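To start, the structure under review is shown below, and the notes come after it.
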Amino acid sequence: MKIGGVLAFAALALGGCGSSSFLGSDSPTDTVRTFLEAAAARDGPTACGLLNGHGQQLMGAYGGAGRRSCQQTVSRLAALPRPDDWEEMARGTICVYGTGGRDSQPILVIYRRGGVRTTAAGSVQQNLGPGYRIMVPPTPTSPGAVPSGAPRCDRGAG
């Protein structure tokens, strides 16, 4: 009986958490959009919580200014290359290529920079449990070509 109560409490605690950064979203495009929105807001805990370990290392190295944690980098995005692009990326179109079950799926973020169509590339990976994590975060300095295959796209507000 005690074990059942502990398991029920743990399930309730996790279920009531509501944080997409804990488990990621069931949608790869939602996971990427939430990451971009958090980065644009300079919310390191949320943004970095949506990245796997490799993605956190890459984000920590963004801008090339020495060793920083992912959260330190996100909090300093205003001082790093193309700081205004993060908001535009969060409002852009996010396309995921390939199907679930692969090691990673390429993503392409299409947005506008000064009225010009711009892209940023990355990749997303399904968790062993529910949700997705970003393996390679799309950044304003990671332009990408359109991957092959049929995309699943989510158009943002921009």
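Residues in the structure tokens are named by chain (A, B, ... in the order shown) and by number from 1 within that chain; ligands are numbered from 1 in the order shown.
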
Residues near A:Ile107, cut-off 8 Å, only C-alpha atoms, skip fewer than 4 positions along chain, as number ranges by chain: A: 94-97, 121-124, 138

Write to file, as an mmCIF file, in the first residue's frame, the residues of the selection just made, with N, CA, C and O atoms.
data_model
loop_
_atom_site.group_PDB
_atom_site.id
_atom_site.type_symbol
_atom_site.label_atom_id
_atom_site.label_comp_id
_atom_site.auth_asym_id
_atom_site.auth_seq_id
_atom_site.Cartn_x
_atom_site.Cartn_y
_atom_site.Cartn_z
ATOM 1 N N ILE A 94 8.340 26.721 -38.509
ATOM 2 C CA ILE A 94 9.241 25.648 -38.084
ATOM 3 C C ILE A 94 8.855 24.384 -38.842
ATOM 4 O O ILE A 94 7.703 23.944 -38.775
ATOM 5 N N CYS A 95 9.810 23.818 -39.555
ATOM 6 C CA CYS A 95 9.575 22.598 -40.327
ATOM 7 C C CYS A 95 10.455 21.472 -39.790
ATOM 8 O O CYS A 95 11.645 21.667 -39.531
ATOM 9 N N VAL A 96 9.850 20.293 -39.633
ATOM 10 C CA VAL A 96 10.560 19.093 -39.198
ATOM 11 C C VAL A 96 10.523 18.108 -40.362
ATOM 12 O O VAL A 96 9.478 17.892 -40.977
ATOM 13 N N TYR A 97 11.667 17.528 -40.660
ATOM 14 C CA TYR A 97 11.796 16.587 -41.772
ATOM 15 C C TYR A 97 12.030 15.189 -41.226
ATOM 16 O O TYR A 97 12.634 15.020 -40.177
ATOM 17 N N ALA A 121 19.064 26.183 -39.160
ATOM 18 C CA ALA A 121 18.934 24.728 -39.134
ATOM 19 C C ALA A 121 19.280 24.171 -37.759
ATOM 20 O O ALA A 121 20.011 24.787 -36.984
ATOM 21 N N GLY A 122 18.749 23.004 -37.484
ATOM 22 C CA GLY A 122 19.048 22.290 -36.254
ATOM 23 C C GLY A 122 18.502 20.881 -36.359
ATOM 24 O O GLY A 122 18.190 20.400 -37.453
ATOM 25 N N SER A 123 18.365 20.215 -35.211
ATOM 26 C CA SER A 123 17.741 18.890 -35.213
ATOM 27 C C SER A 123 17.075 18.634 -33.874
ATOM 28 O O SER A 123 17.445 19.210 -32.854
ATOM 29 N N VAL A 124 16.082 17.760 -33.919
ATOM 30 C CA VAL A 124 15.305 17.401 -32.741
ATOM 31 C C VAL A 124 15.299 15.883 -32.625
ATOM 32 O O VAL A 124 15.434 15.171 -33.624
ATOM 33 N N PRO A 138 18.618 25.439 -33.308
ATOM 34 C CA PRO A 138 18.714 26.392 -34.417
ATOM 35 C C PRO A 138 19.128 27.745 -33.847
ATOM 36 O O PRO A 138 18.610 28.183 -32.827
#

Give one line per residue of stretch 57-119 of chain A that approaches stretch 25-34 of chain A to at most 12 Å, naming the two atoms of the closest pair and their distance in Å to one decimal, counting only C-alpha atoms; sort by chain then ascending residue number and deliver it as JSON lines.
{"residue": "A:Trp86", "atom": "CA", "partner": "A:Arg33", "partner_atom": "CA", "distance": 10.6}
{"residue": "A:Glu87", "atom": "CA", "partner": "A:Arg33", "partner_atom": "CA", "distance": 10.5}
{"residue": "A:Glu88", "atom": "CA", "partner": "A:Arg33", "partner_atom": "CA", "distance": 11.0}
{"residue": "A:Met89", "atom": "CA", "partner": "A:Arg33", "partner_atom": "CA", "distance": 8.4}
{"residue": "A:Ala90", "atom": "CA", "partner": "A:Arg33", "partner_atom": "CA", "distance": 5.7}
{"residue": "A:Arg91", "atom": "CA", "partner": "A:Arg33", "partner_atom": "CA", "distance": 8.1}
{"residue": "A:Gly92", "atom": "CA", "partner": "A:Arg33", "partner_atom": "CA", "distance": 8.7}
{"residue": "A:Thr93", "atom": "CA", "partner": "A:Arg33", "partner_atom": "CA", "distance": 9.1}
{"residue": "A:Ile94", "atom": "CA", "partner": "A:Thr29", "partner_atom": "CA", "distance": 6.1}
{"residue": "A:Cys95", "atom": "CA", "partner": "A:Thr29", "partner_atom": "CA", "distance": 7.0}
{"residue": "A:Val96", "atom": "CA", "partner": "A:Thr29", "partner_atom": "CA", "distance": 6.8}
{"residue": "A:Tyr97", "atom": "CA", "partner": "A:Pro28", "partner_atom": "CA", "distance": 10.2}
{"residue": "A:Gly98", "atom": "CA", "partner": "A:Pro28", "partner_atom": "CA", "distance": 11.3}
{"residue": "A:Thr99", "atom": "CA", "partner": "A:Pro28", "partner_atom": "CA", "distance": 10.5}
{"residue": "A:Gly100", "atom": "CA", "partner": "A:Pro28", "partner_atom": "CA", "distance": 9.3}
{"residue": "A:Ser104", "atom": "CA", "partner": "A:Pro28", "partner_atom": "CA", "distance": 10.7}
{"residue": "A:Gln105", "atom": "CA", "partner": "A:Pro28", "partner_atom": "CA", "distance": 9.0}
{"residue": "A:Pro106", "atom": "CA", "partner": "A:Pro28", "partner_atom": "CA", "distance": 10.4}
{"residue": "A:Ile107", "atom": "CA", "partner": "A:Thr29", "partner_atom": "CA", "distance": 8.4}
{"residue": "A:Leu108", "atom": "CA", "partner": "A:Val32", "partner_atom": "CA", "distance": 9.9}
{"residue": "A:Val109", "atom": "CA", "partner": "A:Val32", "partner_atom": "CA", "distance": 9.0}
{"residue": "A:Ile110", "atom": "CA", "partner": "A:Arg33", "partner_atom": "CA", "distance": 11.8}

I'd like to know which residues of chain A are strand (DSSP E or B) (by DSSP, run on the backbone); could you write them as a ChimeraX atom specification? /A:51,93-97,105-113,116-126,132-136,151-154

What is the distance between atom CA of A:Pro81 and atom CA of A:Arg152, in Å to one decimal? 28.6 Å

Would you give me, as a ChimeraX atom specification, the residues in chain A that DSSP reads as helix (DSSP H, G or I)? /A:2-17,20-23,28-40,44-49,53-61,70-75,77-79,85-91

Counting only C-alpha atoms, the residue of A:Ala41, A:Met59, A:Cys70, A:Cys48 that sits nearest A:Thr139: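 Nearest candidate to A:Thr139 out of A:Ala41, A:Met59, A:Cys70, A:Cys48: A:Met59.
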
Point out the residue among A:Tyr111, A:Ala47, A:Gly66, A:Tyr132 with the least atom-to-atom distance to A:Gly156, counting only C-alpha atoms.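 The answer is A:Tyr111, which sits nearest to A:Gly156.
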
Interatomic distance (Å, one decimal) between atom CA of A:Gly44 and atom CA of A:Asp154: 23.6 Å

Can you work out which one of A:Arg112, A:Pro137, A:Asp43, A:Asp85 has the shortest atom-to-atom distance to A:Gly60, counting only C-alpha atoms?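 Selected residue with least distance to A:Gly60: A:Pro137.
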
Using atom CA of A:Ala39 and atom CA of A:Val74 as the two end points, give the distance in Å to one decimal.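 The value is 5.9 Å.
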
Using only C-alpha atoms for the distances, tell me which of A:Ala40, A:Gly53, A:Gly114, A:Ala61 is nearest to A:Arg133.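 Nearest candidate to A:Arg133 out of A:Ala40, A:Gly53, A:Gly114, A:Ala61: A:Gly53.
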